[in-house]
file upload-v6.txt (compact mmCIF, C-alpha atoms)
# COMPACT_ATOMS: atom_id res chain seq x y z
CA MET A 152 15.03 182.79 113.59
CA GLN A 153 13.06 179.94 115.11
CA ILE A 154 11.30 177.76 112.54
CA LYS A 155 8.65 175.16 113.24
CA GLN A 156 8.41 171.67 111.85
CA ILE A 157 5.18 171.31 109.88
CA ALA A 158 5.51 167.82 108.43
CA TYR A 159 7.83 164.85 108.01
CA ILE A 160 8.58 162.45 105.22
CA ARG A 161 7.91 158.73 105.17
CA SER A 162 10.47 157.29 102.80
CA ASP A 163 12.13 153.94 102.14
CA PHE A 164 15.52 155.24 103.28
CA VAL A 165 16.24 154.33 106.89
CA GLU A 166 19.93 155.19 106.74
CA LYS A 167 21.98 157.77 104.87
CA PHE A 168 23.96 155.21 102.90
CA GLY A 169 22.21 154.68 99.59
CA ILE A 170 20.25 157.93 99.45
CA PRO A 171 20.71 159.51 96.01
CA ARG A 172 23.03 162.52 96.15
CA GLN A 173 20.31 164.84 94.85
CA SER A 174 16.57 164.75 94.35
CA ASN A 175 15.06 163.37 91.13
CA LEU A 176 17.87 160.90 90.48
CA ALA A 177 15.59 157.96 91.28
CA ASP A 178 11.81 157.60 91.18
CA THR A 179 11.57 156.70 94.83
CA ARG A 180 8.07 157.18 96.13
CA ALA A 181 7.53 158.78 99.51
CA GLU A 182 4.77 160.37 101.57
CA ILE A 183 4.58 163.67 103.36
CA HIS A 184 2.62 163.54 106.60
CA PHE A 185 1.68 166.69 108.45
CA LEU A 186 1.95 167.30 112.17
CA PRO A 187 -1.49 167.48 113.81
CA GLU A 188 -1.61 171.29 113.81
CA TYR A 189 -1.10 171.38 110.04
CA GLN A 190 -3.41 168.52 109.07
CA ASN A 191 -5.69 170.76 107.10
CA ALA A 192 -6.96 169.96 103.63
CA ASP A 193 -7.57 173.65 102.92
CA ALA A 194 -3.85 174.35 103.13
CA LEU A 195 -3.39 172.14 100.05
CA ARG A 196 -6.28 173.52 98.01
CA GLU A 197 -5.33 173.60 94.28
CA ILE A 198 -1.84 172.19 94.93
CA GLU A 199 -2.53 169.49 92.33
CA ALA A 200 -2.27 172.17 89.64
CA TYR A 201 1.50 171.74 90.02
CA ASP A 202 3.74 168.91 88.86
CA TYR A 203 6.57 169.60 91.28
CA LEU A 204 6.95 170.91 94.79
CA TRP A 205 9.85 172.37 96.73
CA LEU A 206 10.56 170.87 100.10
CA ILE A 207 12.58 172.82 102.66
CA TRP A 208 13.78 170.35 105.24
CA GLU A 209 16.31 169.67 107.92
CA PHE A 210 19.53 167.74 107.46
CA SER A 211 18.61 166.14 110.75
CA GLU A 212 21.46 163.62 110.70
CA SER A 213 24.11 166.18 109.79
CA ILE A 214 23.83 168.85 112.45
CA ARG A 215 27.10 170.29 113.68
CA ASP A 216 27.80 173.14 116.05
CA THR A 217 30.51 174.65 113.91
CA TRP A 218 30.74 175.30 110.20
CA SER A 219 33.62 174.80 107.83
CA PRO A 220 34.06 177.19 104.90
CA THR A 221 35.04 174.33 102.60
CA VAL A 222 33.81 170.79 102.03
CA ARG A 223 34.90 167.84 99.88
CA PRO A 224 32.00 166.77 97.69
CA PRO A 225 31.80 163.03 96.97
CA ARG A 226 31.30 163.79 93.28
CA LEU A 227 34.80 165.22 93.14
CA GLY A 228 36.24 162.01 94.53
CA GLY A 229 36.30 163.37 98.06
CA ASN A 230 39.72 164.96 97.72
CA ARG A 231 39.03 168.41 96.27
CA ARG A 232 37.90 171.19 98.59
CA VAL A 233 35.33 173.71 97.35
CA GLY A 234 33.41 176.44 99.14
CA VAL A 235 30.44 175.21 101.13
CA PHE A 236 28.14 177.65 99.29
CA ALA A 237 29.30 176.16 95.99
CA THR A 238 27.86 172.81 97.11
CA ARG A 239 24.65 171.29 98.38
CA SER A 240 26.57 169.57 101.17
CA PRO A 241 24.61 169.06 104.39
CA PHE A 242 27.52 170.50 106.39
CA ARG A 243 26.70 174.21 106.12
CA PRO A 244 25.97 177.03 108.57
CA ASN A 245 22.26 176.15 108.66
CA PRO A 246 21.35 172.49 108.09
CA ILE A 247 18.63 173.33 105.59
CA GLY A 248 17.96 171.02 102.65
CA LEU A 249 16.17 171.97 99.45
CA SER A 250 14.67 169.40 97.10
CA SER A 251 12.24 169.50 94.25
CA VAL A 252 9.98 166.46 94.18
CA LYS A 253 7.32 165.30 91.78
CA LEU A 254 3.78 165.56 93.13
CA ILE A 255 1.89 162.36 92.37
CA GLY A 256 -1.25 163.19 94.33
CA VAL A 257 -2.98 164.08 97.56
CA GLU A 258 -4.72 161.44 99.66
CA PHE A 259 -6.97 162.05 102.62
CA ARG A 260 -6.65 159.48 105.39
CA GLU A 261 -8.60 159.27 108.58
CA LYS A 262 -5.60 159.08 110.90
CA GLU A 263 -2.96 161.15 109.12
CA GLY A 264 -5.17 163.73 107.46
CA PRO A 265 -4.03 164.90 104.04
CA VAL A 266 -0.97 163.08 102.74
CA LEU A 267 1.14 164.18 99.78
CA ILE A 268 2.45 161.38 97.59
CA VAL A 269 5.73 162.44 95.97
CA GLU A 270 8.48 160.97 93.84
CA GLY A 271 12.20 161.65 93.65
CA ALA A 272 12.81 162.68 97.25
CA ASP A 273 16.35 162.26 98.57
CA LEU A 274 15.27 162.40 102.22
CA LEU A 275 15.83 159.99 105.05
CA ASP A 276 12.67 158.50 106.59
CA MET A 277 11.17 160.86 109.23
CA THR A 278 13.11 163.91 108.07
CA PRO A 279 11.46 167.11 109.43
CA ILE A 280 9.93 169.39 106.80
CA TYR A 281 9.61 173.14 107.33
CA ASP A 282 7.99 174.36 104.16
CA ILE A 283 6.32 173.16 100.98
CA LYS A 284 6.08 175.49 98.00
CA PRO A 285 4.82 174.96 94.48
CA TYR A 286 7.46 174.73 91.74
CA LEU A 287 6.93 177.62 89.34
CA PRO A 288 8.67 176.68 86.09
CA TYR A 289 8.58 180.22 84.70
CA VAL A 290 10.79 181.48 87.53
CA ASP A 291 12.46 178.33 88.92
CA SER A 292 13.53 176.56 85.75
CA HIS A 293 16.83 177.53 84.14
CA PRO A 294 17.64 174.58 81.89
CA GLU A 295 20.59 176.34 80.25
CA ALA A 296 22.31 177.22 83.51
CA LYS A 297 25.86 176.07 84.10
CA GLY A 298 25.90 173.25 86.62
CA GLY A 299 29.51 173.51 87.80
CA PHE A 300 31.41 170.39 88.76
CA ALA A 301 28.17 168.54 89.50
CA GLU A 302 27.22 168.86 85.84
CA GLU A 303 30.40 167.20 84.63
CA LYS A 304 29.39 163.99 86.36
CA LYS A 305 25.68 163.92 85.74
CA ASP A 306 25.71 161.13 83.18
CA TYR A 307 27.83 158.83 85.31
CA LYS A 308 25.96 155.59 85.83
CA LEU A 309 26.87 152.06 86.76
CA ASP A 310 25.57 149.00 84.97
CA VAL A 311 23.53 147.07 87.51
CA ASN A 312 23.71 143.30 87.51
CA PHE A 313 20.72 142.20 89.60
CA PRO A 314 20.23 138.43 89.43
CA GLU A 315 16.59 137.47 88.94
CA MET A 316 16.51 135.34 92.12
CA TYR A 317 17.36 138.44 94.18
CA LEU A 318 15.19 140.85 92.22
CA GLU A 319 12.15 138.66 92.88
CA GLN A 320 12.54 139.33 96.60
CA ILE A 321 11.92 143.04 96.04
CA PRO A 322 8.27 144.19 95.88
CA ALA A 323 7.48 144.81 92.21
CA GLU A 324 6.67 148.50 92.70
CA LYS A 325 10.03 149.16 94.37
CA ARG A 326 12.27 147.55 91.76
CA ALA A 327 12.71 150.37 89.27
CA ALA A 328 13.61 152.92 91.93
CA LEU A 329 16.05 150.55 93.62
CA ILE A 330 17.88 149.92 90.34
CA GLN A 331 18.08 153.69 89.75
CA ILE A 332 19.58 154.15 93.22
CA LEU A 333 22.18 151.45 92.55
CA GLU A 334 23.04 152.99 89.15
CA GLN A 335 23.95 156.22 90.98
CA ASP A 336 26.72 154.34 92.82
CA PRO A 337 25.96 154.56 96.53
CA ARG A 338 29.61 154.03 97.53
CA PRO A 339 31.73 156.83 98.90
CA SER A 340 33.59 157.98 95.80
CA TYR A 341 37.03 157.31 97.15
CA GLN A 342 36.39 153.60 97.68
CA LYS A 343 37.44 151.48 94.76
CA ASP A 344 37.95 148.02 96.25
CA PRO A 345 36.30 145.58 93.79
CA VAL A 346 35.84 142.75 96.29
CA ARG A 347 34.41 144.76 99.18
CA ILE A 348 30.77 143.92 99.87
CA TYR A 349 28.50 146.85 100.79
CA GLY A 350 25.13 146.61 102.52
CA MET A 351 22.41 149.14 101.81
CA SER A 352 19.00 149.33 103.51
CA TYR A 353 16.06 150.11 101.30
CA ALA A 354 12.33 149.61 101.87
CA GLY A 355 12.84 147.15 104.70
CA MET A 356 15.46 145.11 102.88
CA GLU A 357 19.22 144.88 103.05
CA ILE A 358 20.83 144.85 99.59
CA HIS A 359 24.37 143.51 99.41
CA PHE A 360 26.52 144.42 96.45
CA ARG A 361 30.03 144.92 95.16
CA VAL A 362 31.29 147.14 92.37
CA ASP A 363 33.93 146.13 89.87
CA LYS A 364 34.87 148.87 87.39
CA GLU A 365 31.59 150.15 85.90
CA THR A 366 29.36 147.29 87.05
CA LEU A 367 27.50 146.85 90.30
CA TYR A 368 26.76 143.22 91.21
CA VAL A 369 23.98 142.48 93.68
CA THR A 370 25.26 139.56 95.77
CA GLU A 371 22.44 139.05 98.26
CA VAL A 372 19.09 140.44 99.42
CA GLU A 373 17.68 139.91 102.89
CA ARG A 374 14.91 141.33 105.03
CA SER A 375 16.35 143.82 107.45
CA MET B 122 14.97 174.61 114.83
CA GLN B 123 17.00 177.76 115.36
CA ILE B 124 18.62 179.07 112.17
CA LYS B 125 21.29 181.74 111.97
CA GLN B 126 21.44 184.68 109.62
CA ILE B 127 24.57 184.43 107.49
CA ALA B 128 24.15 187.35 105.10
CA TYR B 129 21.79 190.07 103.96
CA ILE B 130 20.90 191.61 100.64
CA ARG B 131 21.54 195.14 99.48
CA SER B 132 18.86 195.84 96.91
CA ASP B 133 17.15 198.88 95.39
CA PHE B 134 13.83 197.98 97.04
CA VAL B 135 13.26 199.90 100.24
CA GLU B 136 9.58 199.07 100.52
CA LYS B 137 7.46 196.08 99.58
CA PHE B 138 5.36 197.96 97.03
CA GLY B 139 6.97 197.52 93.64
CA ILE B 140 8.94 194.35 94.36
CA PRO B 141 8.35 191.85 91.54
CA ARG B 142 6.05 189.02 92.63
CA GLN B 143 8.72 186.41 91.93
CA SER B 144 12.43 186.31 91.26
CA ASN B 145 13.78 186.68 87.71
CA LEU B 146 10.93 188.89 86.51
CA ALA B 147 13.22 191.93 86.32
CA ASP B 148 17.00 192.19 85.93
CA THR B 149 17.41 194.13 89.16
CA ARG B 150 20.98 194.01 90.39
CA ALA B 151 21.66 193.44 94.06
CA GLU B 152 24.52 192.49 96.36
CA ILE B 153 24.82 189.85 99.02
CA HIS B 154 26.92 190.90 101.99
CA PHE B 155 27.97 188.41 104.62
CA LEU B 156 27.86 188.89 108.37
CA PRO B 157 31.40 189.18 109.83
CA GLU B 158 31.52 185.55 110.95
CA TYR B 159 30.84 184.39 107.38
CA GLN B 160 33.10 186.82 105.51
CA ASN B 161 35.29 184.07 104.19
CA ALA B 162 36.40 183.83 100.58
CA ASP B 163 37.01 180.10 100.94
CA ALA B 164 33.29 179.51 101.51
CA LEU B 165 32.68 180.73 97.95
CA ARG B 166 35.49 178.80 96.25
CA GLU B 167 34.37 177.67 92.75
CA ILE B 168 30.90 179.21 93.14
CA GLU B 169 31.45 181.04 89.86
CA ALA B 170 31.10 177.70 88.05
CA TYR B 171 27.34 178.25 88.46
CA ASP B 172 25.04 180.64 86.64
CA TYR B 173 22.31 180.71 89.28
CA LEU B 174 22.10 180.46 93.03
CA TRP B 175 19.31 179.65 95.44
CA LEU B 176 18.73 182.06 98.26
CA ILE B 177 16.85 180.94 101.35
CA TRP B 178 15.77 184.06 103.15
CA GLU B 179 13.35 185.51 105.66
CA PHE B 180 10.09 187.23 104.82
CA SER B 181 11.16 189.73 107.46
CA GLU B 182 8.28 192.13 106.78
CA SER B 183 5.63 189.44 106.78
CA ILE B 184 6.06 187.65 110.08
CA ARG B 185 2.86 186.64 111.84
CA ASP B 186 2.27 184.59 114.94
CA THR B 187 -0.52 182.55 113.46
CA TRP B 188 -0.94 180.86 110.13
CA SER B 189 -3.92 180.66 107.85
CA PRO B 190 -4.47 177.53 105.75
CA THR B 191 -5.56 179.62 102.76
CA VAL B 192 -4.39 182.84 101.14
CA ARG B 193 -5.62 185.07 98.30
CA PRO B 194 -2.81 185.43 95.76
CA PRO B 195 -2.65 188.81 93.99
CA ARG B 196 -2.30 187.02 90.63
CA LEU B 197 -5.81 185.65 91.08
CA GLY B 198 -7.21 189.12 91.58
CA GLY B 199 -7.10 188.82 95.34
CA ASN B 200 -10.52 187.21 95.61
CA ARG B 201 -9.86 183.48 95.19
CA ARG B 202 -8.63 181.50 98.16
CA VAL B 203 -6.12 178.73 97.57
CA GLY B 204 -4.09 176.61 100.00
CA VAL B 205 -1.03 178.34 101.40
CA PHE B 206 1.20 175.45 100.25
CA ALA B 207 -0.12 175.93 96.71
CA THR B 208 1.34 179.45 96.75
CA ARG B 209 4.62 181.25 97.36
CA SER B 210 2.80 183.70 99.63
CA PRO B 211 4.89 185.12 102.48
CA PHE B 212 2.08 184.34 104.93
CA ARG B 213 2.90 180.71 105.72
CA PRO B 214 3.78 178.72 108.84
CA ASN B 215 7.47 179.56 108.50
CA PRO B 216 8.34 182.90 106.86
CA ILE B 217 10.96 181.34 104.58
CA GLY B 218 11.47 182.70 101.08
CA LEU B 219 13.11 180.85 98.21
CA SER B 220 14.47 182.63 95.14
CA SER B 221 16.79 181.69 92.34
CA VAL B 222 19.02 184.57 91.29
CA LYS B 223 21.57 184.95 88.53
CA LEU B 224 25.16 185.08 89.75
CA ILE B 225 27.00 187.93 88.01
CA GLY B 226 30.22 187.67 89.98
CA VAL B 227 32.10 187.74 93.25
CA GLU B 228 33.92 190.85 94.41
CA PHE B 229 36.31 191.10 97.31
CA ARG B 230 36.11 194.35 99.25
CA GLU B 231 38.21 195.47 102.14
CA LYS B 232 35.33 196.34 104.43
CA GLU B 233 32.60 193.89 103.46
CA GLY B 234 34.75 190.91 102.52
CA PRO B 235 33.46 188.79 99.64
CA VAL B 236 30.31 190.20 98.01
CA LEU B 237 28.08 188.30 95.57
CA ILE B 238 26.65 190.37 92.74
CA VAL B 239 23.32 188.90 91.65
CA GLU B 240 20.46 189.71 89.31
CA GLY B 241 16.74 189.03 89.49
CA ALA B 242 16.32 189.09 93.27
CA ASP B 243 12.84 189.92 94.57
CA LEU B 244 14.07 190.83 98.05
CA LEU B 245 13.64 193.96 100.10
CA ASP B 246 16.85 195.80 101.00
CA MET B 247 18.49 194.31 104.14
CA THR B 248 16.52 191.05 103.99
CA PRO B 249 18.24 188.38 106.13
CA ILE B 250 19.65 185.41 104.19
CA TYR B 251 20.03 181.98 105.78
CA ASP B 252 21.51 179.88 103.03
CA ILE B 253 23.02 180.10 99.57
CA LYS B 254 23.16 177.00 97.39
CA PRO B 255 24.25 176.48 93.80
CA TYR B 256 21.48 175.94 91.24
CA LEU B 257 21.93 172.48 89.76
CA PRO B 258 20.05 172.45 86.46
CA TYR B 259 20.10 168.67 86.14
CA VAL B 260 18.03 168.28 89.30
CA ASP B 261 16.39 171.71 89.81
CA SER B 262 15.16 172.50 86.31
CA HIS B 263 11.79 171.14 85.20
CA PRO B 264 10.86 173.32 82.23
CA GLU B 265 7.87 171.16 81.30
CA ALA B 266 6.30 171.29 84.76
CA LYS B 267 2.77 172.57 85.16
CA GLY B 268 2.82 175.99 86.76
CA GLY B 269 -0.72 176.12 88.13
CA PHE B 270 -2.58 179.39 88.23
CA ALA B 271 0.68 181.35 88.26
CA GLU B 272 1.45 179.98 84.81
CA GLU B 273 -1.80 181.23 83.32
CA LYS B 274 -0.76 184.80 84.01
CA LYS B 275 2.91 184.66 83.21
CA ASP B 276 2.75 186.61 79.96
CA TYR B 277 0.72 189.44 81.45
CA LYS B 278 2.58 192.71 80.92
CA LEU B 279 1.66 196.36 80.84
CA ASP B 280 2.86 198.77 78.18
CA VAL B 281 4.99 201.33 79.95
CA ASN B 282 4.78 204.96 78.86
CA PHE B 283 7.87 206.58 80.41
CA PRO B 284 8.32 210.13 79.11
CA GLU B 285 11.95 210.87 78.21
CA MET B 286 12.14 213.83 80.63
CA TYR B 287 11.42 211.49 83.52
CA LEU B 288 13.52 208.60 82.27
CA GLU B 289 16.56 210.87 82.13
CA GLN B 290 16.33 211.31 85.89
CA ILE B 291 16.96 207.59 86.41
CA PRO B 292 20.61 206.42 86.42
CA ALA B 293 21.24 204.77 83.05
CA GLU B 294 22.12 201.36 84.54
CA LYS B 295 18.82 201.23 86.49
CA ARG B 296 16.45 202.03 83.63
CA ALA B 297 15.94 198.60 82.07
CA ALA B 298 15.17 196.95 85.41
CA LEU B 299 12.78 199.72 86.43
CA ILE B 300 10.81 199.38 83.22
CA GLN B 301 10.62 195.60 83.76
CA ILE B 302 9.28 196.18 87.27
CA LEU B 303 6.62 198.57 85.97
CA GLU B 304 5.63 196.14 83.19
CA GLN B 305 4.83 193.58 85.91
CA ASP B 306 2.13 195.92 87.28
CA PRO B 307 3.06 196.78 90.85
CA ARG B 308 -0.55 197.60 91.82
CA PRO B 309 -2.57 195.31 94.05
CA SER B 310 -4.57 193.33 91.49
CA TYR B 311 -7.96 194.38 92.75
CA GLN B 312 -7.32 198.06 92.15
CA LYS B 313 -8.53 199.28 88.80
CA ASP B 314 -8.98 203.03 89.24
CA PRO B 315 -7.47 204.66 86.10
CA VAL B 316 -6.91 208.09 87.69
CA ARG B 317 -5.34 206.98 90.94
CA ILE B 318 -1.67 207.95 91.21
CA TYR B 319 0.65 205.39 92.83
CA GLY B 320 4.08 206.11 94.26
CA MET B 321 6.81 203.46 94.18
CA SER B 322 10.29 203.76 95.70
CA TYR B 323 13.16 202.37 93.69
CA ALA B 324 16.89 202.98 93.91
CA GLY B 325 16.49 206.17 95.92
CA MET B 326 13.76 207.61 93.73
CA GLU B 327 10.02 207.90 93.99
CA ILE B 328 8.26 206.92 90.75
CA HIS B 329 4.68 208.18 90.35
CA PHE B 330 2.41 206.46 87.87
CA ARG B 331 -1.15 205.64 86.96
CA VAL B 332 -2.54 202.71 84.99
CA ASP B 333 -5.29 202.97 82.42
CA LYS B 334 -6.30 199.66 80.88
CA GLU B 335 -3.10 197.97 79.67
CA THR B 336 -0.84 201.02 79.84
CA LEU B 337 1.17 202.37 82.74
CA TYR B 338 1.92 206.11 82.53
CA VAL B 339 4.80 207.52 84.56
CA THR B 340 3.61 210.92 85.77
CA GLU B 341 6.54 212.12 87.89
CA VAL B 342 9.94 211.09 89.22
CA GLU B 343 11.51 212.58 92.32
CA ARG B 344 14.42 211.82 94.64
CA SER B 345 13.08 210.17 97.74

call {"tool": "encode", "arguments": {"input": "upload-v6.txt", "output": "structure tokens"}}
result
Amino acid sequence: MQIKQIAYIRSDFVEKFGIPRQSNLADTRAEIHFLPEYQNADALREIEAYDYLWLIWEFSESIRDTWSPTVRPPRLGGNRRVGVFATRSPFRPNPIGLSSVKLIGVEFREKEGPVLIVEGADLLDMTPIYDIKPYLPYVDSHPEAKGGFAEEKKDYKLDVNFPEMYLEQIPAEKRAALIQILEQDPRPSYQKDPVRIYGMSYAGMEIHFRVDKETLYVTEVERS
Amino acid sequence: MQIKQIAYIRSDFVEKFGIPRQSNLADTRAEIHFLPEYQNADALREIEAYDYLWLIWEFSESIRDTWSPTVRPPRLGGNRRVGVFATRSPFRPNPIGLSSVKLIGVEFREKEGPVLIVEGADLLDMTPIYDIKPYLPYVDSHPEAKGGFAEEKKDYKLDVNFPEMYLEQIPAEKRAALIQILEQDPRPSYQKDPVRIYGMSYAGMEIHFRVDKETLYVTEVERS
């Protein structure tokens, strides 16, 4: 089946490194802009009656010609193979992503038409979006469901040591989300070198950090 | 983007009339069969650690060449127009359906390979499936979310009067789901004629019924 891009996201993530492993793990704010053909306020009529939306999008940076029946999820340390359909890995037969995001509001702008302001998206900037659906809690929400191996790790968080002199360089409205992203541990799970310095792009800045045991230390912030 | 069918559903719904308006409204059992290329048990390794799965599928009976920014959802009586992205209507720019279903188990069969047994699917028999993802309650479940106009109607149910002589004609394991389907009121919402007889196909049978006020009366059952 041929599917058509209808919109794209504007987010603070310009590279994959640092993107939370799932939606809703950090209150990152993002915007959904429609392609000209779909810039139609009527198509969003009454959407603000919902708190959450589903986005169906393209893993545009993870497209492969072949598929592998198994993958190694980072949450399992990268060394245990599970079935691709037992994961949300981007490396699957169709590179389709699914994320629930919080709907903050709809804005109408002269150039871009209607824009959806959302929170919690785990999408790279400019990711193509194929569908937007309302989140219906009475059919979509199963709070008692078993969450498999992902569940076991859900409370894992790093302590973030973010010296004030560096934090001040981050726009005030971006600070909380950035700390949440760092708490999630952006490193590949199999890397445990306490002196290695990592660089992560976020909202036009490059955040340098290292991780020693359960603490992440921000070591530098620069404009990227 | 071109996406490839990986599987299809085997369900008891051979026509659209009678299919619950969302997933999980009736405990209908169904099977997911993979296309030969994807008949690989490894691809499902550890999937049974999850209670629910997401299916991304094709509204194969609702494909149109054009899109309309607004639709009239049956839950609103069919006479109020809302934005297509504020609904789960099949008539949208890309005919992509999204349903969470309960995973009952995985069976391995000589001919079909691995088969997923699921409950709660609102899919027509033979519907193409494009992706299967585990349901992650810690990111997918938002029980407190506002459910918009769909929420207002969620407790709406008909009383079902199913005379014993007719019920006995239904295989025992299909009865509970059939009653749940009838409770959901399969009629188009704008039809209120109490003497009109409707016919609904389900699991190889034709169920005839009429609806007077809040009660649905089964008037006949025959093999279809």

call {"tool": "atom_distance", "arguments": {"input": "upload-v6.txt", "atom1": "atom CA of B:Ala298", "atom2": "atom CA of B:Arg150"}}
result
8.2 Å

call {"tool": "interface_residues", "arguments": {"input": "upload-v6.txt", "of": "chain B", "to": "chain A", "cutoff": "7 Å", "atoms": "only C-alpha atoms", "output": "JSON, numbers by chain"}}
result
{"B": [122, 123, 124, 125, 143, 144, 145, 163, 164, 165, 166, 167, 168, 170, 171, 172, 173, 190, 191, 203, 204, 205, 206, 207, 208, 209, 215, 221, 251, 252, 253, 254, 255, 256, 257, 258, 260, 261, 262, 263, 264, 266, 267, 268, 269]}

call {"tool": "axis_aligned_box", "arguments": {"input": "upload-v6.txt", "around": "stretch 340-345 of chain B", "padding_each_side": "6 Å", "output": "JSON"}}
result
{"center_x": 9.0, "center_y": 211.4, "center_z": 91.8, "size_x": 22.8, "size_y": 14.4, "size_z": 24.0}

call {"tool": "atom_distance", "arguments": {"input": "upload-v6.txt", "atom1": "atom CA of A:Asp163", "atom2": "atom CA of A:Pro225"}}
result
22.3 Å

call {"tool": "residues_near_point", "arguments": {"input": "upload-v6.txt", "point": "(14.5, 144.1, 105.2)", "cutoff": "12 Å", "atoms": "only C-alpha atoms", "output": "MDAnalysis selection string"}}
result
chainID A and resid 163:165 320:322 350:359 371:375

call {"tool": "residues_near_point", "arguments": {"input": "upload-v6.txt", "point": "(13.8, 196.4, 88.7)", "cutoff": "10 Å", "atoms": "only C-alpha atoms", "output": "PyMOL selection string"}}
result
chain B and resi 132-134+139-141+145-151+240-243+295-305+323-324

call {"tool": "closest_residue", "arguments": {"input": "upload-v6.txt", "among": "A:Ile183, A:Tyr349, A:Leu274, A:Asp363", "to": "A:Val257", "atoms": "only C-alpha atoms"}}
result
A:Ile183

call {"tool": "atom_distance", "arguments": {"input": "upload-v6.txt", "atom1": "atom CA of A:Glu324", "atom2": "atom CA of A:Glu212"}}
result
27.8 Å

call {"tool": "residues_around", "arguments": {"input": "upload-v6.txt", "residues": "A:Pro314", "least_positions_apart": "6", "cutoff": "9 Å", "atoms": "all atoms listed in the file", "output": "MDAnalysis selection string"}}
result
chainID A and resid 368:370

call {"tool": "residues_around", "arguments": {"input": "upload-v6.txt", "residues": "B:Leu337", "least_positions_apart": "4", "cutoff": "9 Å", "atoms": "all atoms listed in the file", "output": "PyMOL selection string"}}
result
chain B and resi 279-283+303-304+306+330-333

call {"tool": "decode", "arguments": {"input": "upload-v6.txt", "residues": "stretch 172-188 of chain B", "atoms": "N, CA and C atoms", "output": "PDB file, in the first residue's frame"}}
result
ATOM      1  N   ASP B 172       0.367  -8.514  27.416  1.00  0.00           N
ATOM      2  CA  ASP B 172      -1.063  -8.826  27.430  1.00  0.00           C
ATOM      3  C   ASP B 172      -1.783  -8.308  26.188  1.00  0.00           C
ATOM      4  N   TYR B 173      -1.306  -7.185  25.668  1.00  0.00           N
ATOM      5  CA  TYR B 173      -1.982  -6.552  24.531  1.00  0.00           C
ATOM      6  C   TYR B 173      -0.973  -6.270  23.428  1.00  0.00           C
ATOM      7  N   LEU B 174      -1.504  -6.225  22.227  1.00  0.00           N
ATOM      8  CA  LEU B 174      -0.695  -5.867  21.061  1.00  0.00           C
ATOM      9  C   LEU B 174      -1.378  -4.722  20.320  1.00  0.00           C
ATOM     10  N   TRP B 175      -0.587  -3.948  19.608  1.00  0.00           N
ATOM     11  CA  TRP B 175      -1.128  -2.993  18.640  1.00  0.00           C
ATOM     12  C   TRP B 175      -1.097  -3.617  17.256  1.00  0.00           C
ATOM     13  N   LEU B 176      -2.190  -3.469  16.565  1.00  0.00           N
ATOM     14  CA  LEU B 176      -2.227  -3.846  15.157  1.00  0.00           C
ATOM     15  C   LEU B 176      -2.332  -2.576  14.331  1.00  0.00           C
ATOM     16  N   ILE B 177      -1.500  -2.468  13.313  1.00  0.00           N
ATOM     17  CA  ILE B 177      -1.626  -1.392  12.329  1.00  0.00           C
ATOM     18  C   ILE B 177      -2.073  -2.066  11.046  1.00  0.00           C
ATOM     19  N   TRP B 178      -3.227  -1.670  10.561  1.00  0.00           N
ATOM     20  CA  TRP B 178      -3.880  -2.433   9.497  1.00  0.00           C
ATOM     21  C   TRP B 178      -4.511  -1.493   8.473  1.00  0.00           C
ATOM     22  N   GLU B 179      -5.060  -2.090   7.447  1.00  0.00           N
ATOM     23  CA  GLU B 179      -5.594  -1.304   6.334  1.00  0.00           C
ATOM     24  C   GLU B 179      -7.116  -1.323   6.359  1.00  0.00           C
ATOM     25  N   PHE B 180      -7.707  -0.144   6.290  1.00  0.00           N
ATOM     26  CA  PHE B 180      -9.157  -0.059   6.098  1.00  0.00           C
ATOM     27  C   PHE B 180      -9.430  -0.477   4.653  1.00  0.00           C
ATOM     28  N   SER B 181      -9.341  -1.774   4.387  1.00  0.00           N
ATOM     29  CA  SER B 181      -9.320  -2.225   2.999  1.00  0.00           C
ATOM     30  C   SER B 181     -10.658  -2.031   2.297  1.00  0.00           C
ATOM     31  N   GLU B 182     -11.723  -1.887   3.067  1.00  0.00           N
ATOM     32  CA  GLU B 182     -13.050  -1.693   2.453  1.00  0.00           C
ATOM     33  C   GLU B 182     -13.428  -0.220   2.380  1.00  0.00           C
ATOM     34  N   SER B 183     -12.534   0.637   2.804  1.00  0.00           N
ATOM     35  CA  SER B 183     -12.892   2.058   2.907  1.00  0.00           C
ATOM     36  C   SER B 183     -11.895   2.945   2.184  1.00  0.00           C
ATOM     37  N   ILE B 184     -11.300   2.433   1.125  1.00  0.00           N
ATOM     38  CA  ILE B 184     -10.286   3.231   0.436  1.00  0.00           C
ATOM     39  C   ILE B 184     -10.946   4.190  -0.554  1.00  0.00           C
ATOM     40  N   ARG B 185     -10.547   5.445  -0.454  1.00  0.00           N
ATOM     41  CA  ARG B 185     -11.053   6.470  -1.367  1.00  0.00           C
ATOM     42  C   ARG B 185      -9.883   7.216  -1.959  1.00  0.00           C
ATOM     43  N   ASP B 186     -10.083   7.821  -3.095  1.00  0.00           N
ATOM     44  CA  ASP B 186      -8.991   8.553  -3.717  1.00  0.00           C
ATOM     45  C   ASP B 186      -8.842   9.955  -3.149  1.00  0.00           C
ATOM     46  N   THR B 187      -9.921  10.476  -2.614  1.00  0.00           N
ATOM     47  CA  THR B 187      -9.857  11.837  -2.098  1.00  0.00           C
ATOM     48  C   THR B 187     -10.090  11.793  -0.595  1.00  0.00           C
ATOM     49  N   TRP B 188      -9.792  12.876   0.066  1.00  0.00           N
ATOM     50  CA  TRP B 188     -10.075  12.924   1.496  1.00  0.00           C
ATOM     51  C   TRP B 188     -10.980  14.100   1.778  1.00  0.00           C
TER      52      TRP B 188
END
